[in-house]
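Structure below is entry18.csv: CSV, C-alpha atoms.
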chain,number,residue,atom,x,y,z
A,26,MET,CA,-50.4,-64.3,-27.0
A,27,SER,CA,-52.6,-67.3,-27.7
A,28,ASP,CA,-52.2,-69.0,-31.1
A,29,TRP,CA,-56.0,-68.9,-31.3
A,30,LEU,CA,-56.3,-65.1,-31.2
A,31,GLN,CA,-53.8,-63.2,-33.4
A,32,PRO,CA,-53.8,-59.5,-34.3
A,33,LEU,CA,-55.6,-58.8,-37.6
A,34,THR,CA,-57.5,-56.2,-39.4
A,35,LEU,CA,-61.2,-56.8,-40.4
A,36,GLU,CA,-62.7,-54.7,-43.1
A,37,HIS,CA,-66.2,-53.8,-44.3
A,38,ALA,CA,-67.5,-50.9,-46.5
A,39,GLU,CA,-68.6,-49.1,-43.4
A,40,VAL,CA,-65.8,-49.8,-40.9
A,41,ARG,CA,-62.3,-51.1,-40.5
A,42,LEU,CA,-61.4,-52.9,-37.2
A,43,GLU,CA,-57.7,-52.4,-36.5
A,44,PRO,CA,-55.6,-53.9,-33.7
A,45,LEU,CA,-55.6,-51.6,-30.7
A,46,ALA,CA,-52.2,-49.8,-30.2
A,47,ARG,CA,-50.9,-47.2,-27.8
A,48,THR,CA,-50.7,-44.8,-30.7
A,49,HIS,CA,-54.5,-44.7,-30.8
A,50,HIS,CA,-54.6,-42.9,-27.4
A,51,ASP,CA,-55.4,-39.4,-28.6
A,52,ALA,CA,-58.0,-40.6,-31.2
A,53,LEU,CA,-59.8,-42.6,-28.6
A,54,ILE,CA,-59.9,-39.7,-26.2
A,55,GLU,CA,-61.4,-37.6,-29.0
A,56,ALA,CA,-64.0,-40.3,-29.7
A,57,ALA,CA,-65.0,-40.7,-26.1
A,58,SER,CA,-65.2,-36.9,-25.7
A,59,ASP,CA,-67.9,-36.8,-28.4
A,60,GLY,CA,-70.8,-37.2,-25.9
A,61,ALA,CA,-68.6,-37.3,-22.8
A,62,LEU,CA,-69.3,-41.0,-22.7
A,63,TRP,CA,-67.6,-41.6,-19.3
A,64,ASN,CA,-70.6,-39.8,-17.7
A,65,LEU,CA,-73.0,-42.6,-18.6
A,66,TRP,CA,-73.2,-44.4,-15.2
A,67,PHE,CA,-74.1,-47.8,-16.7
A,68,THR,CA,-70.9,-48.0,-18.9
A,69,SER,CA,-67.2,-48.2,-18.3
A,70,VAL,CA,-65.9,-45.8,-20.9
A,71,PRO,CA,-62.6,-44.4,-19.6
A,72,LYS,CA,-62.2,-40.7,-18.8
A,73,PRO,CA,-59.4,-39.0,-20.8
A,74,ASP,CA,-57.0,-39.3,-17.9
A,75,ASP,CA,-57.7,-43.0,-17.7
A,76,MET,CA,-57.3,-43.8,-21.4
A,77,ALA,CA,-53.7,-44.9,-21.2
A,78,ALA,CA,-54.4,-47.4,-18.4
A,79,TYR,CA,-57.5,-48.6,-20.3
A,80,ILE,CA,-55.3,-49.3,-23.4
A,81,ASP,CA,-52.6,-50.9,-21.3
A,82,ASP,CA,-55.1,-53.3,-19.7
A,83,ALA,CA,-56.6,-54.3,-23.0
A,84,LEU,CA,-53.1,-54.9,-24.5
A,85,ALA,CA,-52.1,-57.0,-21.4
A,86,ASP,CA,-55.3,-59.1,-21.9
A,87,ALA,CA,-54.3,-59.6,-25.5
A,88,GLU,CA,-50.7,-60.5,-24.6
A,89,ALA,CA,-52.1,-63.1,-22.2
A,90,GLY,CA,-54.2,-64.6,-25.0
A,91,HIS,CA,-57.5,-63.6,-23.4
A,92,ALA,CA,-58.6,-60.9,-25.8
A,93,GLN,CA,-58.4,-59.3,-29.2
A,94,PRO,CA,-58.9,-55.6,-28.9
A,95,PHE,CA,-59.7,-53.3,-31.8
A,96,VAL,CA,-60.3,-49.7,-32.6
A,97,VAL,CA,-63.2,-48.9,-34.9
A,98,ARG,CA,-62.4,-46.7,-37.9
A,99,ARG,CA,-65.3,-45.3,-39.9
A,100,ARG,CA,-64.4,-45.7,-43.5
A,101,ARG,CA,-66.2,-42.6,-44.9
A,102,ASP,CA,-64.0,-40.2,-43.1
A,103,GLU,CA,-61.2,-42.5,-41.7
A,104,ARG,CA,-61.9,-41.3,-38.1
A,105,ILE,CA,-61.5,-43.6,-35.1
A,106,VAL,CA,-65.0,-43.6,-33.6
A,107,GLY,CA,-64.6,-46.1,-30.8
A,108,CYS,CA,-63.4,-49.5,-29.8
A,109,THR,CA,-64.5,-53.1,-29.4
A,110,ARG,CA,-63.0,-56.4,-28.4
A,111,LEU,CA,-63.2,-60.2,-28.5
A,112,GLY,CA,-62.6,-61.2,-24.9
A,113,HIS,CA,-62.9,-63.9,-22.3
A,114,ALA,CA,-61.5,-66.2,-25.0
A,115,ASP,CA,-61.9,-69.9,-24.2
A,116,ALA,CA,-60.2,-71.8,-27.0
A,117,ALA,CA,-60.8,-75.2,-25.4
A,118,ASN,CA,-64.6,-74.6,-25.5
A,119,ARG,CA,-64.5,-72.4,-28.6
A,120,ARG,CA,-66.3,-69.5,-26.9
A,121,VAL,CA,-65.6,-65.7,-27.0
A,122,GLU,CA,-67.4,-62.6,-25.8
A,123,ILE,CA,-67.9,-59.5,-28.0
A,124,GLY,CA,-67.8,-56.5,-25.7
A,125,TRP,CA,-66.0,-53.6,-24.3
A,126,THR,CA,-67.7,-51.7,-27.1
A,127,TRP,CA,-68.3,-48.0,-27.2
A,128,TYR,CA,-68.7,-45.4,-29.9
A,129,ALA,CA,-68.6,-41.6,-30.2
A,130,ALA,CA,-72.0,-40.1,-30.0
A,131,GLY,CA,-71.7,-39.1,-33.7
A,132,ALA,CA,-71.3,-42.8,-34.7
A,133,GLN,CA,-74.2,-44.1,-32.6
A,134,ARG,CA,-77.4,-45.2,-34.3
A,135,SER,CA,-75.6,-45.6,-37.6
A,136,ALA,CA,-74.4,-48.7,-39.5
A,137,VAL,CA,-71.1,-48.6,-37.6
A,138,ASN,CA,-72.2,-51.0,-34.8
A,139,THR,CA,-74.0,-53.4,-37.2
A,140,ALA,CA,-71.0,-53.6,-39.5
A,141,SER,CA,-68.5,-54.0,-36.6
A,142,LYS,CA,-70.6,-56.8,-35.1
A,143,ARG,CA,-70.9,-58.5,-38.5
A,144,LEU,CA,-67.1,-58.5,-38.9
A,145,LEU,CA,-66.5,-59.8,-35.3
A,146,LEU,CA,-69.2,-62.5,-35.6
A,147,GLY,CA,-68.0,-63.6,-39.0
A,148,HIS,CA,-64.4,-63.9,-37.6
A,149,ALA,CA,-65.6,-65.8,-34.5
A,150,PHE,CA,-67.7,-68.3,-36.3
A,151,GLU,CA,-66.0,-68.7,-39.7
A,152,THR,CA,-62.3,-68.3,-38.7
A,153,LEU,CA,-62.1,-69.2,-35.0
A,154,GLN,CA,-64.8,-71.8,-35.4
A,155,CYS,CA,-66.6,-70.8,-32.2
A,156,ALA,CA,-69.4,-72.9,-30.8
A,157,ALA,CA,-71.0,-69.8,-29.3
A,158,VAL,CA,-70.4,-66.0,-29.0
A,159,GLU,CA,-71.6,-64.1,-25.9
A,160,LEU,CA,-72.6,-60.4,-25.7
A,161,ARG,CA,-73.1,-58.8,-22.3
A,162,THR,CA,-74.3,-55.5,-21.0
A,163,HIS,CA,-75.6,-53.7,-17.9
A,164,ARG,CA,-79.2,-54.4,-17.1
A,165,PHE,CA,-80.1,-50.7,-17.2
A,166,ASN,CA,-78.3,-50.1,-20.5
A,167,ARG,CA,-81.5,-50.2,-22.6
A,168,ARG,CA,-79.9,-48.9,-25.8
A,169,SER,CA,-77.2,-51.6,-25.7
A,170,ARG,CA,-79.7,-54.3,-24.9
A,171,ALA,CA,-81.9,-53.2,-27.9
A,172,ALA,CA,-78.8,-53.2,-30.1
A,173,ILE,CA,-77.8,-56.7,-29.1
A,174,GLU,CA,-81.3,-58.0,-29.6
A,175,ARG,CA,-81.4,-56.4,-33.1
A,176,LEU,CA,-78.4,-58.4,-34.0
A,177,GLY,CA,-80.3,-61.6,-33.4
A,178,ALA,CA,-78.8,-62.7,-30.1
A,179,LEU,CA,-81.0,-64.4,-27.5
A,180,GLN,CA,-80.9,-63.6,-23.8
A,181,ASP,CA,-79.4,-66.4,-21.7
A,182,GLY,CA,-80.1,-64.8,-18.3
A,183,ILE,CA,-79.0,-62.1,-15.8
A,184,LEU,CA,-76.0,-62.4,-13.5
A,185,ARG,CA,-77.0,-60.5,-10.4
A,186,ASN,CA,-74.4,-58.3,-8.7
A,187,HIS,CA,-72.0,-59.6,-11.3
A,188,ARG,CA,-69.3,-56.9,-11.6
A,189,ARG,CA,-68.1,-53.8,-9.6
A,190,MET,CA,-68.6,-50.5,-11.5
A,191,PRO,CA,-66.1,-47.6,-11.3
A,192,ASP,CA,-68.4,-45.8,-8.8
A,193,GLY,CA,-68.4,-48.8,-6.5
A,194,SER,CA,-71.9,-50.0,-7.3
A,195,TYR,CA,-72.6,-53.5,-8.6
A,196,ARG,CA,-73.8,-54.3,-12.1
A,197,ASP,CA,-76.4,-56.8,-13.0
A,198,THR,CA,-75.1,-58.2,-16.3
A,199,VAL,CA,-77.5,-59.4,-19.0
A,200,VAL,CA,-76.0,-62.2,-21.0
A,201,TYR,CA,-76.9,-62.9,-24.6
A,202,SER,CA,-75.5,-65.4,-27.0
A,203,ILE,CA,-75.5,-66.6,-30.6
A,204,LEU,CA,-74.8,-70.2,-31.4
A,205,ALA,CA,-72.9,-71.6,-34.3
A,206,SER,CA,-76.0,-73.3,-35.5
A,207,GLU,CA,-77.7,-69.9,-35.6
A,208,TRP,CA,-75.0,-68.0,-37.4
A,209,SER,CA,-76.2,-68.6,-41.0
A,210,ALA,CA,-79.6,-67.0,-40.3
A,211,VAL,CA,-78.0,-64.2,-38.2
A,212,ARG,CA,-75.5,-63.5,-41.0
A,213,ARG,CA,-78.3,-63.2,-43.5
A,214,HIS,CA,-80.2,-60.9,-41.2
A,215,LEU,CA,-77.1,-58.6,-40.6
A,216,ASP,CA,-76.2,-58.5,-44.3
A,217,HIS,CA,-79.8,-57.5,-45.1
A,218,ILE,CA,-79.7,-54.7,-42.5
A,219,LEU,CA,-76.4,-53.4,-44.0
A,220,GLU,CA,-77.7,-53.6,-47.5
A,221,GLN,CA,-80.7,-51.6,-46.5
A,222,ALA,CA,-78.5,-49.0,-44.8
A,223,ALA,CA,-76.3,-48.7,-47.9

Have the structure of the file written as structure tokens, please.
Amino acid sequence: MSDWLQPLTLEHAEVRLEPLARTHHDALIEAASDGALWNLWFTSVPKPDDMAAYIDDALADAEAGHAQPFVVRRRRDERIVGCTRLGHADAANRRVEIGWTWYAAGAQRSAVNTASKRLLLGHAFETLQCAAVELRTHRFNRRSRAAIERLGALQDGILRNHRRMPDGSYRDTVVYSILASEWSAVRRHLDHILEQAA
């Protein structure tokens, strides 16, 4: 594992981000089953039978120093409601991507995503001293694009035929970013949203 990315827990009043472990397998299946998220063609949420491989791949990425995967635990009921990750870590250029994020249907359109992103962005800019943080999504994932834009990220562009999807189709990936120079304003914006939600 890279010295730059180390396992840690990040906490907020709404959520706790815990290092992903194989012991989270059943809880993640339960979360993904709330809404049968694997049926959304523009996402890559694993089916129950594929969850073990999904976790193994994330942990291998972490061991190689490329990623820092988390499960998302909702504080009010202590349920695991999804997962997220810092990935494509580039310590030399001080860049990471926040992604691989999905939530149980019951946790969507709540403060869970905003609080999770606030924790990850704070860690990226304040601890890892990132110059920029990327967020990416499928061009047709309108809900994800709106959520990223609500965070305060700006669109950099669209990578055409960027990635192969599980069904064999190619994804056009919309790339967003937040720069270190923008973090102070974005942080105030996110803290305001979370205060209003509370």

How close does each residue of range 98-199 of chain A get to range 66-90 of chain A, giving the shortest atom pair and distance in Å to one decimal for every residue with an atom at most 7 Å away, counting only C-alpha atoms, sorted by chain and residue number, as CSV?
residue,atom,partner,partner_atom,distance
A:His163,CA,A:Phe67,CA,6.2
A:Phe165,CA,A:Phe67,CA,6.7
A:Asn166,CA,A:Phe67,CA,6.1

Quick one: residues within 8 Å of range 41-50 of chain A, only C-alpha atoms counted, chain neighbours fewer than 6 positions away excluded, as a ChimeraX atom specification? /A:32-35,76-77,80-81,84,93-100,141

Surrounding residues of Ser58 in chain A excluding itself and chain neighbours under 3 positions, 9 Å, all atoms listed in the file, as a list in words: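 Those residues are Leu53, Ile54, Glu55, Ala61, Leu62, Trp63, Lys72, Pro73, Ala129 and Ala130 of chain A.
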
A:Leu160, A:Ala132, A:Ala38, A:Leu111 ranked by distance to Asp59 in chain A, top pick (using all atoms listed in the file):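 Among the listed residues, A:Ala132 lies closest to Asp59 in chain A.
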
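Atom pair CA of Ala149 in chain A / CA of Ala52 in chain A has a distance of 26.5 Å (rounded to one decimal).
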
I want to know what sits within 12 Å of His217 in chain A, based on all atoms listed in the file, with residues of the same chain fewer than 5 positions away left out; could you give that as a PyMOL selection string? chain A and resi 136+139-140+143+176+210-212+222-223

Using Å and a single decimal, report how far CA of Gly112 in chain A sits from CA of Trp125 in chain A.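 Between these atoms lies a distance of 8.3 Å.
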
So what do you get for CA of Ala157 in chain A versus CA of Ala117 in chain A, distance-wise? 12.2 Å

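Take the candidates A:Leu146, A:Glu174, A:Val199, A:Arg188 and check each one against Arg161 in chain A using only C-alpha atoms; the shortest distance goes to A:Val199.
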
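The shortest atom-to-atom distance to His37 in chain A, with only C-alpha atoms taken into account, belongs to A:Lys142 out of A:Ser206, A:Thr162, A:Lys142, A:Ala92.
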
Given all atoms listed in the file as the basis, pick out the residue of A:Glu36, A:Glu122, A:Asp115, A:Glu207 nearest to Leu179 in chain A.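 Closest residue, counting all atoms listed in the file: A:Glu207.
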
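For the choices A:Thr126, A:Thr152, A:Asn186, A:Thr109, the atom-to-atom distance to Leu30 in chain A is smallest for A:Thr152 when using all atoms listed in the file.
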
Choose the residue, out of A:Glu220, A:Ser169, A:Leu184, A:Cys155, that has the smallest atom-to-atom separation from Trp208 in chain A; count all atoms listed in the file.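 Comparing A:Glu220, A:Ser169, A:Leu184, A:Cys155 against Trp208 in chain A, the winner is A:Cys155.
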
Can you give me all heavy atoms for range 34-45 of chain A, written as a compact mmCIF listing (two decimals), in the coordinates of the input?
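What landed in selection_15.txt:
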# COMPACT_ATOMS: atom_id res chain seq x y z
N THR A 34 -56.64 -57.24 -39.01
CA THR A 34 -57.50 -56.20 -39.40
C THR A 34 -58.74 -56.76 -40.09
O THR A 34 -58.58 -57.64 -40.94
CB THR A 34 -56.83 -55.14 -40.28
OG1 THR A 34 -55.73 -54.57 -39.55
CG2 THR A 34 -57.78 -54.04 -40.73
N LEU A 35 -59.93 -56.31 -39.73
CA LEU A 35 -61.20 -56.80 -40.40
C LEU A 35 -61.80 -55.59 -41.07
O LEU A 35 -61.90 -54.49 -40.50
CB LEU A 35 -62.13 -57.33 -39.29
CG LEU A 35 -61.61 -58.52 -38.48
CD1 LEU A 35 -62.56 -58.83 -37.33
CD2 LEU A 35 -61.43 -59.74 -39.36
N GLU A 36 -62.24 -55.80 -42.31
CA GLU A 36 -62.70 -54.70 -43.10
C GLU A 36 -64.12 -54.92 -43.69
O GLU A 36 -64.46 -56.02 -44.09
CB GLU A 36 -61.77 -54.39 -44.26
CG GLU A 36 -60.40 -54.00 -43.76
CD GLU A 36 -59.60 -53.23 -44.79
OE1 GLU A 36 -60.17 -52.34 -45.46
OE2 GLU A 36 -58.41 -53.53 -44.94
N HIS A 37 -64.89 -53.84 -43.70
CA HIS A 37 -66.20 -53.80 -44.30
C HIS A 37 -66.32 -52.43 -44.98
O HIS A 37 -65.51 -51.53 -44.71
CB HIS A 37 -67.28 -53.93 -43.20
CG HIS A 37 -68.69 -53.93 -43.69
ND1 HIS A 37 -69.41 -52.77 -43.89
CD2 HIS A 37 -69.52 -54.95 -44.03
CE1 HIS A 37 -70.61 -53.08 -44.33
NE2 HIS A 37 -70.71 -54.39 -44.42
N ALA A 38 -67.29 -52.24 -45.84
CA ALA A 38 -67.50 -50.90 -46.50
C ALA A 38 -67.68 -49.81 -45.52
O ALA A 38 -67.31 -48.66 -45.78
CB ALA A 38 -68.62 -51.02 -47.50
N GLU A 39 -68.27 -50.11 -44.37
CA GLU A 39 -68.60 -49.10 -43.40
C GLU A 39 -67.44 -48.83 -42.38
O GLU A 39 -67.23 -47.68 -41.96
CB GLU A 39 -69.84 -49.47 -42.58
CG GLU A 39 -71.10 -49.53 -43.39
CD GLU A 39 -71.64 -48.16 -43.75
OE1 GLU A 39 -71.26 -47.16 -43.09
OE2 GLU A 39 -72.45 -48.08 -44.69
N VAL A 40 -66.76 -49.89 -41.97
CA VAL A 40 -65.80 -49.80 -40.90
C VAL A 40 -64.54 -50.63 -41.17
O VAL A 40 -64.59 -51.60 -41.94
CB VAL A 40 -66.34 -50.18 -39.53
CG1 VAL A 40 -67.46 -49.26 -39.09
CG2 VAL A 40 -66.79 -51.63 -39.53
N ARG A 41 -63.45 -50.26 -40.51
CA ARG A 41 -62.30 -51.10 -40.50
C ARG A 41 -61.93 -51.30 -38.99
O ARG A 41 -61.81 -50.33 -38.24
CB ARG A 41 -61.08 -50.41 -41.17
CG ARG A 41 -59.80 -51.25 -41.17
CD ARG A 41 -58.61 -50.51 -41.78
NE ARG A 41 -58.90 -50.06 -43.13
CZ ARG A 41 -59.00 -48.77 -43.49
NH1 ARG A 41 -58.86 -47.81 -42.60
NH2 ARG A 41 -59.26 -48.45 -44.75
N LEU A 42 -61.82 -52.54 -38.57
CA LEU A 42 -61.40 -52.90 -37.20
C LEU A 42 -59.92 -53.14 -37.21
O LEU A 42 -59.46 -54.09 -37.85
CB LEU A 42 -62.18 -54.08 -36.67
CG LEU A 42 -63.72 -53.98 -36.70
CD1 LEU A 42 -64.33 -55.20 -36.02
CD2 LEU A 42 -64.21 -52.70 -36.06
N GLU A 43 -59.17 -52.29 -36.52
CA GLU A 43 -57.70 -52.40 -36.50
C GLU A 43 -57.24 -52.78 -35.11
O GLU A 43 -57.83 -52.36 -34.11
CB GLU A 43 -57.10 -51.02 -36.86
CG GLU A 43 -57.56 -50.49 -38.21
CD GLU A 43 -57.13 -49.04 -38.44
OE1 GLU A 43 -56.35 -48.49 -37.61
OE2 GLU A 43 -57.57 -48.46 -39.44
N PRO A 44 -56.16 -53.55 -35.01
CA PRO A 44 -55.60 -53.90 -33.70
C PRO A 44 -55.35 -52.67 -32.85
O PRO A 44 -54.71 -51.73 -33.33
CB PRO A 44 -54.36 -54.69 -34.01
CG PRO A 44 -54.57 -55.22 -35.39
CD PRO A 44 -55.37 -54.17 -36.10
N LEU A 45 -55.83 -52.66 -31.64
CA LEU A 45 -55.60 -51.60 -30.70
C LEU A 45 -54.10 -51.39 -30.48
O LEU A 45 -53.37 -52.37 -30.30
CB LEU A 45 -56.31 -51.82 -29.40
CG LEU A 45 -56.06 -50.82 -28.27
CD1 LEU A 45 -56.69 -49.46 -28.60
CD2 LEU A 45 -56.61 -51.37 -26.96
